[in-house]
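Have a look at entry.cif below; it lists mmCIF, C-alpha atoms and all ligand atoms.
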data_query
loop_
_atom_site.label_atom_id
_atom_site.label_comp_id
_atom_site.auth_asym_id
_atom_site.auth_seq_id
_atom_site.Cartn_x
_atom_site.Cartn_y
_atom_site.Cartn_z
CA MET M 10 112.77 58.64 99.52
CA ALA M 11 115.23 61.50 99.22
CA ASN M 12 114.83 63.58 96.11
CA GLY M 13 116.43 65.57 93.31
CA THR M 14 113.76 67.92 91.92
CA GLY M 15 111.35 66.58 94.53
CA LYS M 16 109.23 65.19 91.69
CA LEU M 17 108.10 61.60 91.47
CA ALA M 18 107.74 59.35 88.42
CA VAL M 19 106.21 55.87 88.41
CA VAL M 20 107.16 53.50 85.62
CA THR M 21 105.49 50.11 85.10
CA GLY M 22 107.29 47.47 83.09
CA ALA M 23 110.63 49.13 83.79
CA SER M 24 112.73 45.99 84.09
CA SER M 25 113.72 46.09 80.41
CA GLY M 26 113.05 47.62 77.02
CA ILE M 27 111.09 50.83 76.60
CA GLY M 28 110.14 51.08 80.29
CA PHE M 29 113.74 50.89 81.46
CA GLU M 30 114.67 53.66 79.02
CA LEU M 31 111.76 55.81 80.22
CA ALA M 32 112.95 55.35 83.81
CA GLN M 33 116.47 56.40 82.82
CA LEU M 34 115.18 59.54 81.10
CA ALA M 35 113.02 60.55 84.06
CA SER M 36 115.85 59.96 86.49
CA ALA M 37 118.29 61.98 84.37
CA ASP M 38 115.70 64.78 84.54
CA GLY M 39 115.77 64.68 88.34
CA TYR M 40 112.64 62.64 89.02
CA ASP M 41 112.68 60.14 91.86
CA LEU M 42 111.43 56.79 90.68
CA ILE M 43 109.12 54.00 91.71
CA ILE M 44 109.48 51.20 89.19
CA ALA M 45 107.46 48.00 88.96
CA ALA M 46 107.41 44.74 87.05
CA ASP M 47 106.26 41.19 87.50
CA GLU M 48 109.60 39.48 88.02
CA THR M 49 112.58 40.10 90.31
CA ASP M 50 114.60 41.47 87.35
CA ILE M 51 113.08 44.79 88.37
CA HIS M 52 115.50 44.91 91.29
CA ASP M 53 118.44 44.46 88.86
CA ALA M 54 117.06 47.34 86.81
CA ALA M 55 116.85 49.43 90.00
CA ALA M 56 120.47 48.59 90.83
CA LYS M 57 121.56 49.77 87.35
CA LEU M 58 119.58 52.99 87.73
CA LYS M 59 121.01 53.56 91.21
CA ALA M 60 124.53 53.12 89.84
CA GLU M 61 123.70 55.95 87.42
CA GLY M 62 122.61 58.15 90.33
CA ALA M 63 118.87 57.46 90.42
CA ASN M 64 116.82 57.62 93.58
CA VAL M 65 114.68 54.58 92.97
CA VAL M 66 112.38 52.14 94.74
CA SER M 67 111.57 48.89 92.94
CA ILE M 68 108.61 46.63 93.50
CA VAL M 69 107.67 43.22 92.15
CA ALA M 70 103.96 43.27 91.41
CA ASP M 71 101.85 41.37 88.93
CA LEU M 72 100.02 44.26 87.32
CA SER M 73 97.53 42.02 85.55
CA ASP M 74 95.20 42.00 88.54
CA GLU M 75 93.77 44.20 91.26
CA GLU M 76 95.98 42.74 93.99
CA GLY M 77 99.18 43.61 92.12
CA VAL M 78 97.92 47.08 91.26
CA GLU M 79 97.01 47.65 94.94
CA GLU M 80 100.54 46.60 95.94
CA LEU M 81 101.98 49.24 93.64
CA VAL M 82 99.49 51.88 94.80
CA GLY M 83 100.47 51.03 98.41
CA GLU M 84 104.14 51.52 97.58
CA ILE M 85 103.34 54.86 95.98
CA ALA M 86 101.40 55.90 99.11
CA LYS M 87 104.48 55.12 101.23
CA ALA M 88 106.40 57.78 99.30
CA GLY M 89 103.99 60.28 100.87
CA ARG M 90 103.87 62.63 97.91
CA PRO M 91 101.99 62.96 94.65
CA ILE M 92 102.93 61.34 91.37
CA ASP M 93 103.99 63.89 88.78
CA LEU M 94 104.56 61.45 85.93
CA LEU M 95 102.98 58.05 85.37
CA PHE M 96 104.31 55.77 82.66
CA ALA M 97 101.70 53.01 82.23
CA ASN M 98 103.97 50.90 80.09
CA ALA M 99 103.81 47.27 81.28
CA GLY M 100 102.55 44.98 78.56
CA ARG M 101 103.10 41.70 76.81
CA GLY M 102 102.55 40.22 73.38
CA LEU M 103 101.58 36.76 72.18
CA GLY M 104 102.14 35.18 68.80
CA HIS M 105 100.52 32.17 67.03
CA GLY M 106 96.95 31.58 65.87
CA PHE M 107 94.26 32.40 68.41
CA LEU M 108 92.81 28.87 68.43
CA ASP M 109 96.27 27.46 69.17
CA GLN M 110 97.08 29.83 72.03
CA ASP M 111 96.86 28.67 75.60
CA ASP M 112 93.84 30.28 77.30
CA THR M 113 95.85 31.37 80.34
CA GLU M 114 98.32 33.14 78.05
CA TRP M 115 95.89 35.20 75.97
CA LEU M 116 93.86 36.04 79.04
CA ARG M 117 97.07 37.30 80.66
CA VAL M 118 97.70 39.57 77.68
CA ILE M 119 94.25 41.14 78.08
CA ASP M 120 94.57 41.32 81.88
CA THR M 121 97.99 42.99 81.75
CA ASN M 122 97.55 45.27 78.75
CA ILE M 123 93.98 46.35 79.47
CA VAL M 124 92.55 45.38 82.89
CA GLY M 125 95.60 46.06 85.08
CA THR M 126 96.52 49.16 83.09
CA LEU M 127 93.05 50.66 83.54
CA LEU M 128 92.91 49.79 87.24
CA LEU M 129 96.17 51.69 87.75
CA LEU M 130 95.08 54.60 85.54
CA LYS M 131 91.89 54.92 87.59
CA LYS M 132 93.71 55.05 90.93
CA VAL M 133 96.43 57.42 89.80
CA GLY M 134 94.10 59.47 87.59
CA LEU M 135 91.79 60.21 90.55
CA GLN M 136 94.74 61.42 92.64
CA MET M 137 96.01 63.61 89.81
CA ARG M 138 92.58 65.08 89.06
CA ASP M 139 92.02 65.89 92.77
CA ARG M 140 95.35 67.67 92.78
CA GLY M 141 94.75 69.38 89.44
CA GLU M 142 98.11 68.31 88.09
CA GLY M 143 99.86 65.34 86.53
CA ARG M 144 101.10 63.79 83.32
CA ILE M 145 100.38 60.28 82.09
CA LEU M 146 102.07 58.38 79.26
CA ILE M 147 100.36 55.17 78.18
CA THR M 148 102.29 52.81 75.92
CA GLY M 149 99.94 51.82 73.13
CA SER M 150 101.21 50.66 69.74
CA ILE M 151 100.83 51.16 66.01
CA ALA M 152 99.69 47.51 66.24
CA GLY M 153 96.41 49.04 67.36
CA PHE M 154 95.82 50.32 63.82
CA MET M 155 95.83 46.87 62.20
CA PRO M 156 94.15 43.50 62.76
CA GLY M 157 96.98 41.33 64.09
CA THR M 158 96.77 38.06 62.24
CA PHE M 159 98.74 35.53 64.39
CA GLN M 160 98.89 38.20 67.10
CA ALA M 161 95.17 38.89 67.19
CA VAL M 162 94.63 39.37 70.91
CA TYR M 163 97.68 41.59 71.35
CA ASN M 164 96.75 43.96 68.51
CA GLY M 165 93.20 44.06 69.86
CA THR M 166 94.48 45.14 73.28
CA LYS M 167 96.54 47.91 71.72
CA ALA M 168 93.58 49.11 69.62
CA PHE M 169 91.71 49.37 72.92
CA ILE M 170 94.56 51.23 74.63
CA ASP M 171 95.17 53.67 71.74
CA SER M 172 91.46 54.51 71.68
CA PHE M 173 91.07 54.65 75.47
CA SER M 174 94.02 56.99 75.81
CA PHE M 175 92.48 59.63 73.53
CA ALA M 176 89.12 59.36 75.26
CA LEU M 177 90.61 59.73 78.74
CA ARG M 178 92.68 62.66 77.54
CA GLU M 179 89.56 64.45 76.36
CA GLU M 180 87.65 63.62 79.58
CA LEU M 181 90.49 65.19 81.57
CA ARG M 182 90.75 68.31 79.43
CA ASP M 183 90.90 71.44 81.64
CA THR M 184 91.71 69.41 84.79
CA GLY M 185 95.47 69.98 84.71
CA VAL M 186 96.05 66.29 83.90
CA THR M 187 97.33 65.32 80.46
CA VAL M 188 97.26 61.89 78.84
CA THR M 189 99.65 60.97 76.04
CA CYS M 190 99.75 57.76 74.02
CA LEU M 191 103.13 56.45 72.88
CA MET M 192 102.66 54.29 69.80
CA PRO M 193 105.87 52.48 68.95
CA GLY M 194 106.43 50.23 65.96
CA ALA M 195 108.56 47.08 66.22
CA THR M 196 111.23 47.85 68.81
CA GLU M 197 114.31 45.85 69.80
CA THR M 198 113.28 44.53 73.25
CA ARG M 199 112.51 41.21 74.94
CA PHE M 200 108.95 41.55 73.65
CA PHE M 201 109.32 39.26 70.61
CA GLU M 202 111.15 36.50 72.43
CA ARG M 203 108.59 36.52 75.23
CA ALA M 204 105.69 36.53 72.78
CA GLY M 205 107.03 33.45 70.93
CA LEU M 206 107.55 35.48 67.74
CA LEU M 207 111.22 34.78 67.05
CA ASP M 208 110.49 32.52 64.05
CA THR M 209 108.47 35.25 62.35
CA LYS M 210 109.45 37.95 59.90
CA ILE M 211 108.59 40.70 62.37
CA GLY M 212 110.58 38.86 65.03
CA GLN M 213 113.69 38.81 62.81
CA ASP M 214 113.43 42.15 60.97
CA GLU M 215 115.49 45.15 62.02
CA LYS M 216 113.75 47.15 64.72
CA ASP M 217 113.79 50.52 66.40
CA ASP M 218 116.09 51.33 69.29
CA PRO M 219 114.11 51.40 72.58
CA ALA M 220 116.11 54.45 73.69
CA ASP M 221 114.84 56.45 70.67
CA VAL M 222 111.28 55.23 71.21
CA ALA M 223 111.34 56.16 74.88
CA LYS M 224 112.79 59.60 74.10
CA ALA M 225 109.94 60.31 71.66
CA GLY M 226 107.42 59.30 74.34
CA TYR M 227 109.18 61.21 77.08
CA ASP M 228 109.31 64.44 75.09
CA ALA M 229 105.66 64.05 74.07
CA VAL M 230 104.38 63.48 77.62
CA LEU M 231 106.28 66.47 78.97
CA ALA M 232 104.88 68.59 76.14
CA GLY M 233 101.38 67.30 76.96
CA GLU M 234 100.82 66.02 73.41
CA GLY M 235 98.00 63.61 72.61
CA ASP M 236 100.07 60.95 70.93
CA VAL M 237 103.36 60.18 69.36
CA VAL M 238 104.18 57.55 66.75
CA SER M 239 107.92 57.02 67.10
CA GLY M 240 110.01 56.98 63.90
CA TRP M 241 109.16 58.07 60.34
CA LYS M 242 108.62 54.51 59.01
CA ASN M 243 106.02 53.90 61.69
CA LYS M 244 104.40 57.27 61.00
CA LEU M 245 104.09 56.25 57.35
CA GLN M 246 102.83 52.76 58.23
CA SER M 247 100.19 54.11 60.61
CA SER M 248 99.03 56.74 58.10
CA LEU M 249 98.66 54.09 55.40
CA ALA M 250 96.80 51.83 57.84
CA ASN M 251 94.17 54.55 58.23
CA VAL M 252 93.28 54.35 54.53
CA THR M 253 93.77 50.61 53.92
CA PRO M 254 90.86 48.14 54.20
CA ALA M 255 91.04 45.99 57.35
CA GLU M 256 90.99 42.81 55.26
CA THR M 257 94.13 43.92 53.41
CA LEU M 258 95.84 44.87 56.67
CA ALA M 259 95.01 41.45 58.13
CA LYS M 260 96.59 39.78 55.06
CA GLN M 261 99.70 41.97 55.38
CA HIS M 262 99.99 41.09 59.06
CA ARG M 263 99.98 37.37 58.21
CA LYS M 264 103.18 37.90 56.19
CA MET M 265 104.88 39.50 59.20
CA ALA M 266 103.64 37.33 62.06
CA GLU M 267 102.80 33.84 60.72
CA PRO M 268 104.86 31.20 62.51
CA GLY M 269 107.81 30.25 60.27
CA SER M 270 107.55 33.46 58.20
CA ALA M 271 111.14 34.37 59.11
CA ASP M 272 112.37 31.76 56.61
CA ARG M 273 110.09 32.73 53.69
N1 LIG O 301 108.74 45.99 71.44
C1 LIG O 301 107.86 46.39 70.56
O1 LIG O 301 108.00 46.15 69.34
C2 LIG O 301 106.65 47.18 71.00
C3 LIG O 301 105.93 47.88 70.01
C4 LIG O 301 104.82 48.61 70.41
C5 LIG O 301 104.44 48.65 71.73
N2 LIG O 301 105.17 47.96 72.67
C6 LIG O 301 104.70 48.04 74.07
O2 LIG O 301 105.75 48.58 74.85
C7 LIG O 301 105.57 48.19 76.21
C8 LIG O 301 106.92 47.75 76.77
O3 LIG O 301 107.32 46.57 76.08
P1 LIG O 301 108.82 46.30 75.63
O4 LIG O 301 108.83 46.22 74.16
O5 LIG O 301 109.73 47.23 76.30
O6 LIG O 301 109.02 44.79 76.12
P2 LIG O 301 109.77 44.14 77.37
O7 LIG O 301 111.22 44.45 77.33
O8 LIG O 301 109.33 42.72 77.36
O9 LIG O 301 109.15 44.91 78.63
C9 LIG O 301 107.86 44.63 79.11
C10 LIG O 301 107.81 45.08 80.55
O10 LIG O 301 106.46 44.86 81.03
C11 LIG O 301 106.53 44.12 82.23
N3 LIG O 301 105.34 43.29 82.43
C12 LIG O 301 104.77 42.41 81.57
N4 LIG O 301 103.71 41.83 82.15
C13 LIG O 301 103.60 42.34 83.39
C14 LIG O 301 102.71 42.14 84.48
N5 LIG O 301 101.69 41.26 84.40
N6 LIG O 301 102.92 42.84 85.62
C15 LIG O 301 103.94 43.71 85.72
N7 LIG O 301 104.81 43.94 84.73
C16 LIG O 301 104.65 43.27 83.57
C17 LIG O 301 107.77 43.27 82.07
O11 LIG O 301 108.19 42.85 83.34
P3 LIG O 301 108.49 41.28 83.68
O12 LIG O 301 109.66 40.91 82.85
O13 LIG O 301 108.75 41.32 85.15
O14 LIG O 301 107.25 40.53 83.31
C18 LIG O 301 108.73 44.26 81.45
O15 LIG O 301 109.28 45.08 82.43
C19 LIG O 301 104.50 47.13 76.20
O16 LIG O 301 103.27 47.71 76.60
C20 LIG O 301 104.42 46.71 74.74
O17 LIG O 301 103.17 46.21 74.39
C21 LIG O 301 106.26 47.24 72.33
#

Have the structure of the file written as structure tokens, please.
Amino acid sequence: MANGTGKLAVVTGASSGIGFELAQLASADGYDLIIAADETDIHDAAAKLKAEGANVVSIVADLSDEEGVEELVGEIAKAGRPIDLLFANAGRGLGHGFLDQDDTEWLRVIDTNIVGTLLLLKKVGLQMRDRGEGRILITGSIAGFMPGTFQAVYNGTKAFIDSFSFALREELRDTGVTVTCLMPGATETRFFERAGLLDTKIGQDEKDDPADVAKAGYDAVLAGEGDVVSGWKNKLQSSLANVTPAETLAKQHRKMAEPGSADR
């Protein structure tokens, strides 16, 4: 890889949405990129980034399991230099009632959002700690603050990630490695279509621009902040969630995510 600033950023889930925007921001800042996703669309994203002047390598890897994570780690090793910025962003949602969800689908949500993410964080985190330098942005969600009725597994994974991110940050205090959690609210990406949520209120409501969300996360990770909730409405929603009983939050989530709620 040739380079601009000589610095390297790795972005998972960069084929679309928030991850693509994060890759654009890092590239505009002079970072060389390694971007990964599960489908070949990632190469189209790389072509778009290249057309904008990025120095980018793309890799198709299923980051829900160890094999896929190892493929990405192998690609990073080929670059022959340390990672300065890691965006652990790949993730997927899943709507409908838990008992009606296909087992392979909800397991994939847990494997992608939690298992694969942690496997990658472990590998990259060890390298960064050995070097005494590095910045990590993990894409959590304000969904982690509320029980996700009709999106129960997804919200559970984001509660895990939001919590894990703060704990890892504290464990790495004084090592030169910072961990930041980006907590978006509903954002206009392929997420809702892929999660089968298009017939829901949350699927149809107006959403945040992924470029704004990514910018909030990008600025926060460079500043080494602990977390960022993007957008004032989401800041308000997450603050209220902290003082609202879980039962009430679960009822509110039903109104947003129940199948057919778009028409009510
Ligand atoms: N959109 C929202 O409202 C919202 C709100 C809060 C948090 N988030 C979080 O933001 C992150 C990005 O989502 P997005 O909204 O930008 O949605 P998106 O446009 O669907 O992007 C998701 C990205 O993750 C990749 N991905 C999913 N499963 C993968 C796997 N097993 N292995 C490798 N890559 C995988 C996708 O690649 P493929 O297409 O190749 O699978 C895609 O590049 C996710 O962690 C999501 O949970 C989203």

Compile the contact shell of stretch 261-271 of chain M as a PDB file with C-alpha atoms, in the coordinates of the input: residues with an atom at most 8 Å away, counting all atoms listed in the file, same-chain residues fewer than 3 positions apart removed.
ATOM      1  CA  GLY M 104     102.140  35.180  68.800  1.00  0.00           C
ATOM      2  CA  HIS M 105     100.520  32.170  67.030  1.00  0.00           C
ATOM      3  CA  MET M 155      95.830  46.870  62.200  1.00  0.00           C
ATOM      4  CA  PRO M 156      94.150  43.500  62.760  1.00  0.00           C
ATOM      5  CA  GLY M 157      96.980  41.330  64.090  1.00  0.00           C
ATOM      6  CA  THR M 158      96.770  38.060  62.240  1.00  0.00           C
ATOM      7  CA  PHE M 159      98.740  35.530  64.390  1.00  0.00           C
ATOM      8  CA  GLN M 160      98.890  38.200  67.100  1.00  0.00           C
ATOM      9  CA  LEU M 206     107.550  35.480  67.740  1.00  0.00           C
ATOM     10  CA  LEU M 207     111.220  34.780  67.050  1.00  0.00           C
ATOM     11  CA  ASP M 208     110.490  32.520  64.050  1.00  0.00           C
ATOM     12  CA  THR M 209     108.470  35.250  62.350  1.00  0.00           C
ATOM     13  CA  LYS M 210     109.450  37.950  59.900  1.00  0.00           C
ATOM     14  CA  ILE M 211     108.590  40.700  62.370  1.00  0.00           C
ATOM     15  CA  GLY M 212     110.580  38.860  65.030  1.00  0.00           C
ATOM     16  CA  GLN M 213     113.690  38.810  62.810  1.00  0.00           C
ATOM     17  CA  THR M 257      94.130  43.920  53.410  1.00  0.00           C
ATOM     18  CA  LEU M 258      95.840  44.870  56.670  1.00  0.00           C
TER      19      LEU M 258
END

Item checked: Selected residue of minimal separation from M:Ala232 among M:Asp111, M:Leu31, M:Leu146, M:Lys131, counting all atoms listed in the file -> M:Leu146

Note to self: From the options M:Leu128, M:Ser24, M:Glu76, M:Gly102, which residue's atoms come nearest to M:Arg203, counting all atoms listed in the file?
What the structure shows: M:Gly102

Next item on the list: Figure out the distance between atom CA of M:Gly141 and atom CA of M:Val222, please, to one decimal in Å.
Entry: 28.4 Å

Check: Taking all atoms listed in the file into account, which of M:Ala168, M:Val186, M:Ala18, M:Val162 comes nearest M:Asp38?
Finding: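 The shortest atom-to-atom distance to M:Asp38 comes from M:Ala18.
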
Notebook entry, point to check: How many Å separate atom CA of M:Leu17 from atom CA of M:Pro91?
Noted result: 7.0 Å

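Considering the residues M:Ser248, M:Asn64, M:Thr113, M:Thr166 and counting all atoms listed in the file, ligand LIG 301 (chain O) has its shortest atom-to-atom contact with M:Thr166.
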
Per-residue nearest contacts chain M to ligand LIG 301 (chain O), cut-off 7 Å, using all atoms listed in the file, as CSV:
residue,atom,partner,partner_atom,distance
M:Thr21,CA,O:LIG301,N7,6.2
M:Gly22,CA,O:LIG301,O15,3.2
M:Ala23,CA,O:LIG301,O15,4.5
M:Ser24,CA,O:LIG301,O15,3.9
M:Ser25,CA,O:LIG301,O7,4.3
M:Gly26,CA,O:LIG301,O5,3.4
M:Ile27,CA,O:LIG301,O5,3.9
M:Gly28,CA,O:LIG301,O5,5.6
M:Ala45,CA,O:LIG301,C15,6.4
M:Ala46,CA,O:LIG301,N7,3.6
M:Asp47,CA,O:LIG301,O13,3.4
M:Glu48,CA,O:LIG301,O13,3.5
M:Thr49,CA,O:LIG301,O13,6.5
M:Asp50,CA,O:LIG301,O13,6.3
M:Ile51,CA,O:LIG301,O13,6.4
M:Ala70,CA,O:LIG301,C15,5.7
M:Asp71,CA,O:LIG301,N6,3.8
M:Leu72,CA,O:LIG301,N6,3.6
M:Ser73,CA,O:LIG301,N5,4.4
M:Asn98,CA,O:LIG301,O16,4.8
M:Ala99,CA,O:LIG301,O10,3.6
M:Gly100,CA,O:LIG301,O16,3.4
M:Arg101,CA,O:LIG301,C12,5.1
M:Gly102,CA,O:LIG301,O17,6.1
M:Thr121,CA,O:LIG301,N5,4.9
M:Asn122,CA,O:LIG301,O16,6.6
M:Thr148,CA,O:LIG301,O16,5.2
M:Gly149,CA,O:LIG301,C5,5.7
M:Ser150,CA,O:LIG301,C4,4.2
M:Ile151,CA,O:LIG301,C4,6.5
M:Ala152,CA,O:LIG301,C4,6.7
M:Met192,CA,O:LIG301,C4,6.1
M:Pro193,CA,O:LIG301,C4,4.3
M:Gly194,CA,O:LIG301,C3,4.7
M:Ala195,CA,O:LIG301,O1,3.3
M:Thr196,CA,O:LIG301,O1,3.7
M:Glu197,CA,O:LIG301,N1,5.8
M:Thr198,CA,O:LIG301,O7,4.6
M:Arg199,CA,O:LIG301,O7,4.2
M:Phe200,CA,O:LIG301,O8,3.9
M:Phe201,CA,O:LIG301,N1,6.8
M:Arg203,CA,O:LIG301,O8,6.6

Next, the residues of the selection above should be written as an mmCIF file, in the frame of the given file with C-alpha atoms.
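Written out: part_36.cif:
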data_model
loop_
_atom_site.group_PDB
_atom_site.id
_atom_site.type_symbol
_atom_site.label_atom_id
_atom_site.label_comp_id
_atom_site.auth_asym_id
_atom_site.auth_seq_id
_atom_site.Cartn_x
_atom_site.Cartn_y
_atom_site.Cartn_z
ATOM 1 C CA THR M 21 105.490 50.110 85.100
ATOM 2 C CA GLY M 22 107.290 47.470 83.090
ATOM 3 C CA ALA M 23 110.630 49.130 83.790
ATOM 4 C CA SER M 24 112.730 45.990 84.090
ATOM 5 C CA SER M 25 113.720 46.090 80.410
ATOM 6 C CA GLY M 26 113.050 47.620 77.020
ATOM 7 C CA ILE M 27 111.090 50.830 76.600
ATOM 8 C CA GLY M 28 110.140 51.080 80.290
ATOM 9 C CA ALA M 45 107.460 48.000 88.960
ATOM 10 C CA ALA M 46 107.410 44.740 87.050
ATOM 11 C CA ASP M 47 106.260 41.190 87.500
ATOM 12 C CA GLU M 48 109.600 39.480 88.020
ATOM 13 C CA THR M 49 112.580 40.100 90.310
ATOM 14 C CA ASP M 50 114.600 41.470 87.350
ATOM 15 C CA ILE M 51 113.080 44.790 88.370
ATOM 16 C CA ALA M 70 103.960 43.270 91.410
ATOM 17 C CA ASP M 71 101.850 41.370 88.930
ATOM 18 C CA LEU M 72 100.020 44.260 87.320
ATOM 19 C CA SER M 73 97.530 42.020 85.550
ATOM 20 C CA ASN M 98 103.970 50.900 80.090
ATOM 21 C CA ALA M 99 103.810 47.270 81.280
ATOM 22 C CA GLY M 100 102.550 44.980 78.560
ATOM 23 C CA ARG M 101 103.100 41.700 76.810
ATOM 24 C CA GLY M 102 102.550 40.220 73.380
ATOM 25 C CA THR M 121 97.990 42.990 81.750
ATOM 26 C CA ASN M 122 97.550 45.270 78.750
ATOM 27 C CA THR M 148 102.290 52.810 75.920
ATOM 28 C CA GLY M 149 99.940 51.820 73.130
ATOM 29 C CA SER M 150 101.210 50.660 69.740
ATOM 30 C CA ILE M 151 100.830 51.160 66.010
ATOM 31 C CA ALA M 152 99.690 47.510 66.240
ATOM 32 C CA MET M 192 102.660 54.290 69.800
ATOM 33 C CA PRO M 193 105.870 52.480 68.950
ATOM 34 C CA GLY M 194 106.430 50.230 65.960
ATOM 35 C CA ALA M 195 108.560 47.080 66.220
ATOM 36 C CA THR M 196 111.230 47.850 68.810
ATOM 37 C CA GLU M 197 114.310 45.850 69.800
ATOM 38 C CA THR M 198 113.280 44.530 73.250
ATOM 39 C CA ARG M 199 112.510 41.210 74.940
ATOM 40 C CA PHE M 200 108.950 41.550 73.650
ATOM 41 C CA PHE M 201 109.320 39.260 70.610
ATOM 42 C CA ARG M 203 108.590 36.520 75.230
#

Check: Mind pulling up the distance from atom CA of M:Val65 to atom CA of M:Ile44?
Finding: 7.3 Å

Let me have the centre and edge lengths in Å, one decimal, of the box along x, y and z around every listed atom of stretch 194-198 of chain M with 3 Å of margin on each side, as AutoDock Vina command-line options.
--center_x 110.4 --center_y 47.4 --center_z 69.6 --size_x 13.9 --size_y 11.7 --size_z 13.3

Next item on the list: Have a look at M:Ala97, M:Lys260, M:Asn243, M:Glu202 and name the one nearest to M:Val188; count all atoms listed in the file.
Entry: M:Ala97

Notebook entry, point to check: Closest to M:Val82 among M:Lys242, M:Lys132, M:Arg117, M:Lys59, using all atoms listed in the file?
Noted result: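 Of M:Lys242, M:Lys132, M:Arg117, M:Lys59, the one nearest M:Val82 is M:Lys132, counting all atoms listed in the file.
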
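Counting only C-alpha atoms, M:Gly39 has the following residues at most 7 Å away, ignoring those fewer than 2 positions along the same chain: Gly13, Thr14, Ala35, Ser36, Ala37 and Asp41 of chain M.
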
Notebook entry, point to check: Skipping near chain neighbours, those fewer than 5 positions away, what residues fall within 9 Å of M:Ser174 using all atoms listed in the file, listed as an MDAnalysis selection string?
Noted result: chainID M and resid 146:147 149 169 179 188:190 235:236
